[in-house]
file run_29.cif (mmCIF, C-alpha atoms)
data_my_file
#
loop_
_atom_site.label_atom_id
_atom_site.label_comp_id
_atom_site.auth_asym_id
_atom_site.auth_seq_id
_atom_site.Cartn_x
_atom_site.Cartn_y
_atom_site.Cartn_z
CA MET A 1 22.56 -9.99 -11.44
CA THR A 2 19.01 -11.19 -10.76
CA PRO A 3 18.15 -14.27 -12.82
CA LYS A 4 15.22 -14.02 -15.22
CA ILE A 5 12.15 -16.07 -14.53
CA THR A 6 11.32 -18.51 -17.32
CA ILE A 7 8.57 -20.92 -18.23
CA LYS A 8 11.05 -23.80 -18.64
CA THR A 9 10.14 -25.45 -15.33
CA PRO A 10 6.61 -26.14 -14.07
CA TRP A 11 7.27 -24.13 -10.88
CA GLN A 12 8.38 -21.03 -12.78
CA PHE A 13 5.64 -21.45 -15.38
CA PHE A 14 2.92 -21.32 -12.73
CA ALA A 15 4.71 -18.84 -10.45
CA SER A 16 5.14 -16.47 -13.40
CA GLY A 17 1.39 -16.52 -14.00
CA PHE A 18 1.75 -18.61 -17.17
CA GLY A 19 4.49 -16.28 -18.37
CA SER A 20 2.84 -12.94 -17.57
CA GLY A 21 5.47 -12.26 -14.90
CA MET A 22 8.16 -12.35 -17.58
CA SER A 23 7.13 -8.86 -18.66
CA PRO A 24 10.11 -6.49 -18.53
CA VAL A 25 7.76 -3.70 -17.42
CA ALA A 26 5.59 -3.93 -14.28
CA PRO A 27 5.43 -7.74 -14.00
CA GLY A 28 3.14 -7.54 -10.95
CA THR A 29 0.67 -5.40 -12.86
CA MET A 30 0.89 -7.71 -15.88
CA GLY A 31 0.31 -10.72 -13.64
CA THR A 32 -2.73 -9.06 -12.10
CA LEU A 33 -4.08 -8.29 -15.58
CA ALA A 34 -3.46 -11.89 -16.67
CA SER A 35 -5.52 -13.15 -13.72
CA ILE A 36 -8.67 -11.34 -14.90
CA PRO A 37 -9.84 -13.89 -17.53
CA PHE A 38 -9.47 -16.67 -14.95
CA TRP A 39 -11.51 -14.63 -12.46
CA PHE A 40 -14.22 -14.19 -15.06
CA ILE A 41 -14.39 -17.95 -15.64
CA PHE A 42 -14.37 -18.78 -11.91
CA ALA A 43 -16.93 -16.08 -11.09
CA THR A 44 -19.34 -17.20 -13.79
CA ILE A 45 -19.19 -20.99 -13.30
CA LEU A 46 -18.58 -21.46 -9.57
CA PRO A 47 -21.10 -20.93 -6.78
CA THR A 48 -19.82 -18.76 -3.93
CA TRP A 49 -18.79 -21.77 -1.83
CA GLY A 50 -16.89 -23.20 -4.84
CA TYR A 51 -15.15 -19.88 -5.41
CA ILE A 52 -14.04 -19.84 -1.76
CA VAL A 53 -12.74 -23.42 -2.07
CA MET A 54 -10.87 -22.39 -5.24
CA LEU A 55 -9.29 -19.47 -3.33
CA ILE A 56 -8.15 -21.72 -0.49
CA ILE A 57 -6.68 -24.29 -2.86
CA THR A 58 -4.90 -21.75 -5.08
CA ALA A 59 -3.50 -19.96 -2.02
CA LEU A 60 -2.18 -23.17 -0.44
CA VAL A 61 -0.79 -24.48 -3.71
CA GLY A 62 0.63 -21.01 -4.31
CA ILE A 63 2.79 -21.28 -1.19
CA VAL A 64 4.46 -24.36 -2.70
CA ILE A 65 4.66 -22.93 -6.23
CA CYS A 66 6.22 -19.67 -5.05
CA GLN A 67 8.65 -21.45 -2.71
CA LYS A 68 9.86 -23.85 -5.41
CA ALA A 69 10.22 -21.09 -8.03
CA SER A 70 12.01 -18.88 -5.51
CA ASP A 71 14.39 -21.74 -4.67
CA GLU A 72 15.09 -22.35 -8.38
CA LEU A 73 15.79 -18.67 -8.98
CA GLY A 74 17.77 -18.21 -5.78
CA VAL A 75 15.86 -14.99 -5.08
CA HIS A 76 13.18 -14.43 -2.45
CA ASP A 77 10.04 -12.92 -3.96
CA HIS A 78 11.47 -12.43 -7.45
CA GLY A 79 9.55 -9.73 -9.31
CA GLY A 80 8.50 -12.25 -11.95
CA ILE A 81 6.70 -14.42 -9.38
CA VAL A 82 3.12 -13.25 -9.80
CA TRP A 83 1.01 -16.21 -8.65
CA ASP A 84 0.46 -14.21 -5.46
CA GLU A 85 -1.04 -11.39 -7.55
CA PHE A 86 -3.41 -13.88 -9.18
CA VAL A 87 -4.70 -15.07 -5.81
CA GLY A 88 -4.75 -11.53 -4.39
CA LEU A 89 -6.97 -10.24 -7.20
CA TRP A 90 -9.24 -13.30 -7.00
CA LEU A 91 -9.63 -12.65 -3.28
CA THR A 92 -10.37 -8.97 -3.97
CA MET A 93 -13.15 -10.02 -6.33
CA LEU A 94 -14.87 -12.43 -3.91
CA PHE A 95 -18.56 -11.39 -3.72
CA ALA A 96 -18.09 -8.83 -6.52
CA PRO A 97 -20.52 -8.80 -9.43
CA VAL A 98 -19.23 -9.78 -12.84
CA SER A 99 -19.08 -6.31 -14.35
CA TRP A 100 -16.59 -3.93 -15.93
CA THR A 101 -17.06 -1.50 -13.06
CA ALA A 102 -16.25 -4.14 -10.45
CA ILE A 103 -13.18 -5.55 -12.20
CA ILE A 104 -11.69 -2.14 -13.00
CA LEU A 105 -12.22 -0.94 -9.43
CA GLY A 106 -10.98 -4.25 -8.02
CA PHE A 107 -7.86 -4.17 -10.17
CA LEU A 108 -7.01 -0.56 -9.20
CA ILE A 109 -7.71 -1.08 -5.50
CA PHE A 110 -5.69 -4.31 -5.37
CA ARG A 111 -2.71 -2.74 -7.15
CA PHE A 112 -2.91 0.21 -4.72
CA PHE A 113 -2.67 -2.03 -1.64
CA ASP A 114 -0.16 -4.41 -3.25
CA VAL A 115 2.24 -1.64 -4.27
CA LEU A 116 1.95 0.65 -1.22
CA LYS A 117 1.80 -2.18 1.34
CA PRO A 118 0.28 -0.26 4.27
CA TRP A 119 0.66 -1.59 7.81
CA PRO A 120 0.51 -4.54 8.58
CA ILE A 121 1.18 -5.73 5.01
CA LYS A 122 4.65 -4.16 4.90
CA VAL A 123 5.59 -5.73 8.26
CA ILE A 124 4.44 -9.19 7.17
CA ASP A 125 6.25 -8.79 3.83
CA ALA A 126 9.49 -7.96 5.65
CA GLN A 127 9.25 -10.59 8.38
CA VAL A 128 7.74 -13.70 6.79
CA GLY A 129 9.96 -15.57 4.36
CA GLY A 130 9.58 -18.34 1.84
CA GLY A 131 6.52 -19.21 -0.18
CA LEU A 132 4.27 -18.29 2.73
CA GLY A 133 5.75 -14.79 2.86
CA ILE A 134 5.42 -14.34 -0.89
CA MET A 135 1.74 -15.29 -0.74
CA LEU A 136 0.78 -13.71 2.59
CA ASP A 137 1.37 -10.04 1.76
CA ASP A 138 -0.79 -10.35 -1.37
CA ILE A 139 -3.47 -12.24 0.55
CA LEU A 140 -3.57 -9.38 3.05
CA ALA A 141 -3.64 -6.84 0.20
CA GLY A 142 -6.50 -8.90 -1.25
CA ILE A 143 -8.42 -8.78 2.05
CA PHE A 144 -7.94 -5.00 2.34
CA SER A 145 -9.01 -4.67 -1.30
CA LEU A 146 -12.03 -6.95 -0.85
CA ILE A 147 -13.30 -4.82 2.02
CA THR A 148 -12.62 -1.55 0.18
CA LEU A 149 -14.28 -2.79 -3.02
CA GLN A 150 -17.37 -3.97 -1.15
CA VAL A 151 -17.70 -0.61 0.63
CA ILE A 152 -17.43 1.24 -2.69
CA LEU A 153 -19.83 -1.06 -4.54
CA HIS A 154 -22.49 -1.18 -1.82
CA TRP A 155 -22.28 2.18 -0.05
CA ILE A 156 -20.62 4.72 -2.31
CA ILE A 157 -21.63 3.94 -5.92
CA PRO A 158 -25.36 3.63 -5.01
CA LEU A 159 -25.26 7.22 -3.75
CA PHE A 160 -24.62 8.51 -7.28
#

call {"tool": "encode", "arguments": {"input": "run_29.cif", "output": "structure tokens"}}
result
Amino acid sequence: MTPKITIKTPWQFFASGFGSGMSPVAPGTMGTLASIPFWFIFATILPTWGYIVMLIITALVGIVICQKASDELGVHDHGGIVWDEFVGLWLTMLFAPVSWTAIILGFLIFRFFDVLKPWPIKVIDAQVGGGLGIMLDDILAGIFSLITLQVILHWIIPLF
């Protein structure tokens, strides 16, 4: 039986997205939703360079957080580990305007790439282990989503 993620240890608290990954239904989606208020704060108070620094720090720290939580749980990439979804959505939203349109599109696009894992995301997910592997597939999904969101916001929506 797969152990349940908890918020009893600091590693699991952060890895579970402050408990959002404890959801019995769609923990990855719940983690992505829980990352939105943090994105709003970062996007409104940080300059672009500060946002990029925040992304680098949270991604690097995320490797450690996810590895430690995974070790505690004894399961690689436990469904309740959603820190990678936090960083993936924040990466998706880099350069996006603070608007309902942008966050809804960003959320949907990121979940699409995170769930379907098109090539090379699926290959990386299968071949890279540990905290790096947990983070890397969502970082790639975030990059795919960032590009897709920017194309939609700058070249498709203005046409209508």

call {"tool": "resolve_selection", "arguments": {"input": "run_29.cif", "expression": "the PyMOL selection byres ((chain A and resi 17) around 8)", "output": "PyMOL selection string"}}
result
chain A and resi 13-16+18-21+31+34-35+81-83+86

call {"tool": "closest_residue", "arguments": {"input": "run_29.cif", "among": "A:Phe113, A:Trp155, A:Trp11, A:Tyr51", "to": "Leu94 in chain A", "atoms": "only C-alpha atoms"}}
result
A:Tyr51

call {"tool": "atom_distance", "arguments": {"input": "run_29.cif", "atom1": "CA of His78 in chain A", "atom2": "CA of Gly130 in chain A"}}
result
11.2 Å

call {"tool": "resolve_selection", "arguments": {"input": "run_29.cif", "expression": "the PyMOL selection byres ((chain A and resi 132-142) around 6)", "output": "list in words"}}
result
Ile63, Asp77, Asp84, Gly88, Leu91, Thr92, Phe113, Asp114, Ile121, Asp125, Val128, Gly129, Gly130, Gly131, Ile143, Phe144, Ser145 and Leu146 of chain A

call {"tool": "closest_residue", "arguments": {"input": "run_29.cif", "among": "A:Lys68, A:Ala43, A:Thr58, A:Ile36", "to": "Val87 in chain A", "atoms": "only C-alpha atoms"}}
result
A:Thr58

call {"tool": "closest_residue", "arguments": {"input": "run_29.cif", "among": "A:Ile124, A:Leu89, A:Val64, A:Val151", "to": "Met30 in chain A", "atoms": "only C-alpha atoms"}}
result
A:Leu89

call {"tool": "residues_near_point", "arguments": {"input": "run_29.cif", "point": "(21.3, -16.0, -14.4)", "cutoff": "12 Å", "atoms": "all atoms listed in the file", "output": "MDAnalysis selection string"}}
result
chainID A and resid 1:6 72:75

call {"tool": "atom_distance", "arguments": {"input": "run_29.cif", "atom1": "CA of Met93 in chain A", "atom2": "CA of Leu55 in chain A"}}
result
10.6 Å

call {"tool": "atom_distance", "arguments": {"input": "run_29.cif", "atom1": "CA of Thr44 in chain A", "atom2": "CA of Phe95 in chain A"}}
result
11.7 Å

call {"tool": "closest_residue", "arguments": {"input": "run_29.cif", "among": "A:Trp49, A:Val115, A:Gly79, A:Ser99", "to": "Met22 in chain A", "atoms": "all atoms listed in the file"}}
result
A:Gly79

call {"tool": "resolve_selection", "arguments": {"input": "run_29.cif", "expression": "the PyMOL selection byres ((chain A and resi 106) around 9)", "output": "PyMOL selection string"}}
result
chain A and resi 89+92-93+96+101-105+107-111+145-146+148-149

call {"tool": "closest_residue", "arguments": {"input": "run_29.cif", "among": "A:Gly80, A:Pro10, A:Pro158, A:Pro118", "to": "Gly28 in chain A", "atoms": "only C-alpha atoms"}}
result
A:Gly80
